[in-house]
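input.tsv, holding TSV, C-alpha atoms:
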```tsv
chain	number	residue	atom	x	y	z
I	1	ASN	CA	0.00	0.00	0.00
I	2	PHE	CA	2.90	2.38	0.57
I	3	ASN	CA	3.56	2.36	-3.16
I	4	THR	CA	0.54	4.62	-3.56
I	5	SER	CA	-0.23	5.93	-0.06
I	6	GLU	CA	1.32	7.58	2.97
I	7	ILE	CA	-1.24	6.31	5.50
I	8	VAL	CA	-2.72	2.81	5.72
I	9	LEU	CA	-5.70	2.09	7.96
I	10	GLY	CA	-6.34	-1.50	9.05
I	11	PHE	CA	-8.71	-3.40	11.32
I	12	GLY	CA	-7.86	-4.22	14.91
I	13	GLY	CA	-10.24	-6.84	16.29
I	14	TYR	CA	-10.61	-8.64	19.60
I	15	GLN	CA	-10.51	-12.29	20.59
I	16	LYS	CA	-13.70	-14.27	20.19
I	17	ARG	CA	-14.87	-15.61	23.55
I	18	LYS	CA	-18.10	-16.85	25.10
I	19	GLY	CA	-20.54	-14.43	26.71
I	20	LEU	CA	-22.63	-11.39	25.92
I	21	LEU	CA	-19.91	-8.87	26.81
I	22	ASN	CA	-17.57	-10.35	24.22
I	23	LYS	CA	-20.24	-10.02	21.55
I	24	PHE	CA	-20.91	-6.38	22.47
I	25	ILE	CA	-17.21	-5.52	22.40
I	26	ARG	CA	-16.71	-7.19	19.04
I	27	PHE	CA	-19.84	-5.57	17.58
I	28	ASP	CA	-18.71	-2.17	18.86
I	29	THR	CA	-15.28	-2.71	17.31
I	30	PHE	CA	-16.86	-3.71	14.00
I	31	ASN	CA	-19.23	-0.72	14.06
I	32	VAL	CA	-16.40	1.74	14.70
I	33	ALA	CA	-14.21	0.13	12.02
I	34	GLN	CA	-16.97	0.12	9.43
I	35	GLN	CA	-17.45	3.83	9.98
I	36	TYR	CA	-13.83	5.00	9.88
I	37	LEU	CA	-12.92	2.72	6.96
I	38	SER	CA	-15.99	3.81	4.98
I	39	PHE	CA	-15.33	7.48	5.68
I	40	ALA	CA	-11.72	7.01	4.53
I	41	LEU	CA	-12.95	5.47	1.27
I	42	ALA	CA	-15.15	8.54	0.82
I	43	GLY	CA	-12.17	10.85	1.28
I	44	GLN	CA	-13.20	11.92	4.79
I	45	THR	CA	-10.57	10.22	6.95
I	46	TYR	CA	-11.09	11.08	10.61
I	47	MET	CA	-9.37	8.37	12.64
I	48	GLY	CA	-7.48	5.11	12.82
I	49	VAL	CA	-6.88	2.66	15.63
I	50	GLY	CA	-3.41	2.38	17.08
I	51	ARG	CA	-3.71	-1.42	17.09
I	52	ASN	CA	-3.53	-1.47	13.30
I	53	LEU	CA	-2.46	1.55	11.33
I	54	ALA	CA	0.68	2.65	9.54
I	55	TYR	CA	2.10	5.91	8.28
I	56	LYS	CA	5.38	7.06	6.87
I	57	LYS	CA	8.03	8.15	9.31
I	58	SER	CA	8.39	11.47	7.53
I	59	LEU	CA	4.73	12.31	8.25
I	60	PHE	CA	5.26	11.75	11.95
I	61	PHE	CA	8.28	14.05	12.22
I	62	ASP	CA	7.03	16.68	9.79
I	63	ASN	CA	3.93	17.10	11.98
I	64	LYS	CA	5.83	16.96	15.30
I	65	GLY	CA	4.31	13.62	16.20
I	66	PHE	CA	1.70	13.67	18.95
I	67	ALA	CA	2.84	17.02	20.35
I	68	SER	CA	-0.44	18.85	19.73
I	69	HIS	CA	-2.54	16.35	21.70
I	70	ILE	CA	-0.09	14.66	24.05
I	71	HIS	CA	-1.97	16.06	27.04
I	72	ILE	CA	-5.20	14.09	26.47
I	73	PRO	CA	-5.89	10.67	28.10
I	74	SER	CA	-7.11	8.91	24.95
I	75	GLY	CA	-7.31	9.29	21.20
I	76	ASP	CA	-3.80	10.24	20.11
I	77	ASP	CA	-4.15	7.83	17.18
I	78	ASP	CA	-7.51	9.35	16.16
I	79	LEU	CA	-6.38	12.93	16.34
I	80	PHE	CA	-3.01	12.38	14.70
I	81	ILE	CA	-4.61	10.69	11.67
I	82	GLN	CA	-7.27	13.40	11.52
I	83	GLU	CA	-4.51	16.03	11.56
I	84	ILE	CA	-2.35	14.57	8.80
I	85	ALA	CA	-4.98	12.95	6.54
I	86	PRO	CA	-6.10	16.11	4.63
I	87	LYS	CA	-2.60	16.59	3.21
I	88	SER	CA	-1.80	12.90	2.71
I	89	THR	CA	-2.90	9.94	0.60
I	90	VAL	CA	-4.83	7.29	2.53
I	91	THR	CA	-5.51	3.62	1.81
I	92	ILE	CA	-7.52	1.07	3.78
I	93	GLU	CA	-6.50	-2.58	4.10
I	94	MET	CA	-9.19	-5.15	4.96
I	95	SER	CA	-7.42	-8.41	4.08
I	96	GLU	CA	-7.87	-10.94	6.90
I	97	ASP	CA	-4.12	-11.61	6.88
I	98	THR	CA	-3.55	-8.03	8.04
I	99	HIS	CA	-6.05	-8.03	10.94
I	100	THR	CA	-4.67	-7.73	14.44
I	101	THR	CA	-6.32	-9.52	17.38
I	102	SER	CA	-6.09	-8.06	20.87
I	103	GLU	CA	-6.91	-9.57	24.25
I	104	VAL	CA	-10.49	-8.78	25.13
I	105	ILE	CA	-11.69	-7.12	28.32
I	106	GLN	CA	-13.36	-9.56	30.70
I	107	SER	CA	-15.59	-7.32	32.84
I	108	TRP	CA	-18.42	-4.89	32.08
I	109	ARG	CA	-16.91	-2.39	34.49
I	110	GLU	CA	-13.56	-2.35	32.67
I	111	TRP	CA	-15.23	-2.01	29.29
I	112	SER	CA	-17.45	0.82	30.55
I	113	TYR	CA	-14.38	2.64	31.85
I	114	GLN	CA	-12.55	2.17	28.54
I	115	LYS	CA	-15.48	3.35	26.43
I	116	ARG	CA	-16.11	6.38	28.65
I	117	ARG	CA	-12.44	7.34	28.34
I	118	HIS	CA	-12.60	6.99	24.55
I	119	ILE	CA	-15.68	9.24	24.42
I	120	THR	CA	-13.63	12.11	25.88
I	121	THR	CA	-11.78	12.36	22.55
I	122	ALA	CA	-14.91	13.16	20.51
I	123	PRO	CA	-15.16	16.86	21.53
I	124	LEU	CA	-11.69	17.38	20.03
I	125	TYR	CA	-12.76	16.19	16.58
I	126	LYS	CA	-13.25	18.67	13.77
I	127	THR	CA	-16.78	20.08	13.63
I	128	LYS	CA	-17.73	18.39	10.36
I	129	PHE	CA	-16.84	14.98	11.78
I	130	LYS	CA	-18.78	15.64	14.97
I	131	ILE	CA	-21.85	16.34	12.83
I	132	LEU	CA	-21.37	13.38	10.49
I	133	LEU	CA	-20.74	10.91	13.31
I	134	THR	CA	-23.80	11.97	15.30
I	135	LEU	CA	-26.11	11.58	12.29
I	136	TYR	CA	-25.97	7.78	12.39
I	137	PRO	CA	-26.97	7.13	16.04
I	138	TYR	CA	-29.57	9.90	15.98
I	139	ALA	CA	-31.06	8.49	12.77
I	140	GLN	CA	-31.24	5.07	14.42
I	141	LEU	CA	-32.86	6.50	17.53
I	142	LEU	CA	-35.33	8.58	15.54
I	143	PHE	CA	-36.37	5.56	13.48
I	144	TRP	CA	-37.22	3.36	16.48
I	145	VAL	CA	-38.91	6.19	18.35
I	146	SER	CA	-40.99	6.84	15.23
I	147	ILE	CA	-41.98	3.16	15.09
I	148	ILE	CA	-43.19	3.35	18.69
I	149	LEU	CA	-45.17	6.51	17.93
I	150	LEU	CA	-46.77	4.83	14.92
I	151	PHE	CA	-48.01	2.08	17.23
I	152	VAL	CA	-49.36	4.73	19.61
I	153	VAL	CA	-51.33	6.50	16.86
I	154	LYS	CA	-52.55	3.08	15.68
I	155	LEU	CA	-51.26	3.15	12.13
I	156	PRO	CA	-52.16	-0.10	10.32
I	157	LEU	CA	-49.89	-2.89	11.51
I	158	TYR	CA	-48.89	-3.97	8.00
I	159	LEU	CA	-47.49	-0.48	7.28
I	160	ILE	CA	-45.43	-0.44	10.47
I	161	LEU	CA	-44.10	-3.94	9.83
I	162	SER	CA	-43.29	-2.94	6.25
I	163	LEU	CA	-41.15	-0.05	7.50
I	164	VAL	CA	-39.34	-2.30	9.98
I	165	GLY	CA	-38.88	-4.90	7.23
I	166	VAL	CA	-37.29	-2.38	4.87
I	167	LYS	CA	-35.00	-1.18	7.66
I	168	LEU	CA	-33.87	-4.71	8.57
I	169	LEU	CA	-33.44	-5.78	4.94
I	170	SER	CA	-31.30	-2.71	4.25
I	171	SER	CA	-29.19	-3.43	7.32
I	172	TYR	CA	-28.62	-7.06	6.35
I	173	LEU	CA	-27.72	-6.13	2.77
I	174	VAL	CA	-25.34	-3.34	3.77
I	175	ASN	CA	-23.57	-5.17	6.59
I	176	TYR	CA	-23.01	-8.62	5.11
I	177	THR	CA	-19.88	-7.88	3.07
I	178	SER	CA	-18.16	-5.78	5.73
I	179	MET	CA	-18.99	-8.23	8.55
I	180	ARG	CA	-17.58	-11.08	6.45
I	181	LYS	CA	-14.40	-9.17	5.62
I	182	LEU	CA	-13.89	-8.07	9.22
I	183	ASN	CA	-14.44	-11.61	10.50
I	184	VAL	CA	-17.51	-10.97	12.69
I	185	LEU	CA	-20.02	-12.90	10.60
I	186	ASP	CA	-21.09	-14.86	13.69
I	187	LEU	CA	-22.86	-11.65	14.81
I	188	TYR	CA	-24.63	-11.18	11.48
I	189	TRP	CA	-28.10	-12.65	11.99
I	190	ILE	CA	-28.85	-10.89	15.27
I	191	HIS	CA	-26.79	-7.75	14.66
I	192	PRO	CA	-29.94	-5.53	14.67
I	193	LEU	CA	-30.45	-6.48	18.33
I	194	TYR	CA	-26.85	-5.57	19.14
I	195	GLU	CA	-27.34	-2.33	17.23
I	196	ILE	CA	-30.38	-1.31	19.29
I	197	SER	CA	-28.83	-2.41	22.59
I	198	TYR	CA	-25.55	-0.68	21.83
I	199	LEU	CA	-27.40	2.54	21.04
I	200	LEU	CA	-28.82	2.49	24.57
I	201	ILE	CA	-25.50	1.52	26.18
I	202	GLN	CA	-23.61	4.26	24.36
I	203	GLY	CA	-26.21	6.75	25.55
I	204	ILE	CA	-25.64	5.61	29.14
I	205	PHE	CA	-21.88	6.09	28.75
I	206	VAL	CA	-22.40	9.63	27.47
I	207	LEU	CA	-24.72	10.46	30.39
I	208	LEU	CA	-22.27	9.00	32.92
I	209	ASN	CA	-19.49	11.19	31.54
I	210	LEU	CA	-21.80	14.19	31.59
I	211	PHE	CA	-22.79	13.84	35.24
I	212	ASN	CA	-20.01	11.75	36.80
I	213	LYS	CA	-16.83	12.23	34.79
I	214	PRO	CA	-13.58	11.29	36.58
I	215	LYS	CA	-11.30	14.24	37.23
I	216	LYS	CA	-8.39	12.10	36.09
I	217	TRP	CA	-8.34	8.92	34.00
I	218	ASN	CA	-5.99	6.45	35.69
I	219	ARG	CA	-5.61	4.02	32.81
```
Can the structure from this file be put into structure tokens for me?
Amino acid sequence: NFNTSEIVLGFGGYQKRKGLLNKFIRFDTFNVAQQYLSFALAGQTYMGVGRNLAYKKSLFFDNKGFASHIHIPSGDDDLFIQEIAPKSTVTIEMSEDTHTTSEVIQSWREWSYQKRRHITTAPLYKTKFKILLTLYPYAQLLFWVSIILLFVVKLPLYLILSLVGVKLLSSYLVNYTSMRKLNVLDLYWIHPLYEISYLLIQGIFVLLNLFNKPKKWNR
């Protein structure tokens, strides 16, 4: 990839283990990867994950490395890529041979802490990426709230089910290829349930940071 690019974004997954937490972590990792890889393909690179990205040494030194965001507790990889991407050529690499696999967190408490720490990076993103990245969860939330309201106003059941059917069919069609390439196809058939649950969990993390944010992140 370095024959044509200065930055290469890859996929960093987690070990597959038994249990609901493992499935949530792996779905979250897939969801994040699908977004940043897709945005990069669209010419709107906003992040990479330190577990699997590469860039030329000259880029690092020409931009003084992580100097501009060395003071933050999380997200140096995100912000560095976001800083250098507009003036660089970017490629994504999805081949399974290039995936990295990290040890997975074993407790809900540890995962909650990690996700809440990661969320603290979002306010430092460029405004256009803040807007683009909030469109997806808000669109998801608005859709399901609208479905509930349609039940309340007693719209014909077949119309409501038709809307849900179109939504689910679109999700299955869109996600199949990327879930296969990112090796999370075991989550495919019930991924809409993970999607809805994760939307609620992510909202809880945001609220926790809003009302009970640690003064200092210890890890």
TODO: Could you jot down the CA of Arg117 in chain I to CA of Thr91 in chain I separation for me, Å, one decimal place?
DONE: 27.7 Å
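Here CA of Phe80 in chain I is placed at a distance of 25.5 Å from CA of Glu110 in chain I.
Pairwise distance (CA of Trp111 in chain I, CA of Tyr46 in chain I) equals 23.2 Å.
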Task: Polymer residues at most 6 Å from (-24.2, -4.5, 20.9) by only C-alpha atoms, as number ranges by chain - done: I: 24, 27, 194-195, 197-198
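In terms of minimum interatomic distance to Leu9 in chain I, I:His99 ranks closest within I:His99, I:Lys57, I:Lys167, I:His71, counting all atoms listed in the file.
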- [ ] Using only C-alpha atoms, determine which residues lie at most 10 Å from range 131-135 of chain I, disregarding the query and same-chain residues fewer than 5 positions distant; provide the list as JSON, numbers by chain.
- [x] {"I": [35, 36, 39, 122, 125, 126, 140, 141]}
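Minimum distance to Thr89 in chain I across I:Leu163, I:Ala67, I:Leu124, I:Leu41 (counting all atoms listed in the file) occurs at I:Leu41.
Near Leu193 in chain I, within 12 Å and counting all atoms listed in the file, sit Leu20, Lys23, Phe24, Phe27, Leu168, Ser171, Leu187, Leu199 and Leu200 of chain I; same-chain residues fewer than 6 positions away were not included.
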Please produce a file of those selected residues containing C-alpha atoms, as a PDB file, in the frame of the given file.
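For reference, result_17.pdb as written:
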```
ATOM      1  CA  LEU I  20     -22.630 -11.390  25.920  1.00  0.00           C
ATOM      2  CA  LYS I  23     -20.240 -10.020  21.550  1.00  0.00           C
ATOM      3  CA  PHE I  24     -20.910  -6.380  22.470  1.00  0.00           C
ATOM      4  CA  PHE I  27     -19.840  -5.570  17.580  1.00  0.00           C
ATOM      5  CA  LEU I 168     -33.870  -4.710   8.570  1.00  0.00           C
ATOM      6  CA  SER I 171     -29.190  -3.430   7.320  1.00  0.00           C
ATOM      7  CA  LEU I 187     -22.860 -11.650  14.810  1.00  0.00           C
ATOM      8  CA  LEU I 199     -27.400   2.540  21.040  1.00  0.00           C
ATOM      9  CA  LEU I 200     -28.820   2.490  24.570  1.00  0.00           C
TER      10      LEU I 200
END
```
Please list as a tab-separated table (two decimals) with C-alpha atoms, keeping the file's coordinate frame every residue within 8 Å of Trp189 in chain I, counting all atoms listed in the file and excluding residues in the same chain fewer than 3 positions away.
```tsv
chain	number	residue	atom	x	y	z
I	172	TYR	CA	-28.62	-7.06	6.35
I	186	ASP	CA	-21.09	-14.86	13.69
I	192	PRO	CA	-29.94	-5.53	14.67
```
TODO: Rank nothing, just name the residue among I:Met94, I:Val153, I:Leu207, I:Leu59 nearest to Phe30 in chain I, using all atoms listed in the file.
DONE: I:Met94
TODO: Please identify all polymer residues within 9 Å of Phe66 in chain I, counting only C-alpha atoms, omitting same-chain residues fewer than 5 positions from it, and present them as a ChimeraX atom specification.
DONE: /I:60,76-77,79-80
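Using only C-alpha atoms, the nearest neighbour of Thr4 in chain I within the list I:Lys16, I:Arg109, I:His69, I:Lys56 is I:Lys56.
Considering all atoms listed in the file, the residue among I:Asn212, I:Gln82, I:Ser178, I:Gln15 positioned nearest to Thr127 in chain I is I:Gln82.
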Task: Non-local contacts of Leu159 in chain I (10 Å; only C-alpha atoms; under 5 positions in same chain excluded) as a ChimeraX atom specification - done: /I:150,164-165
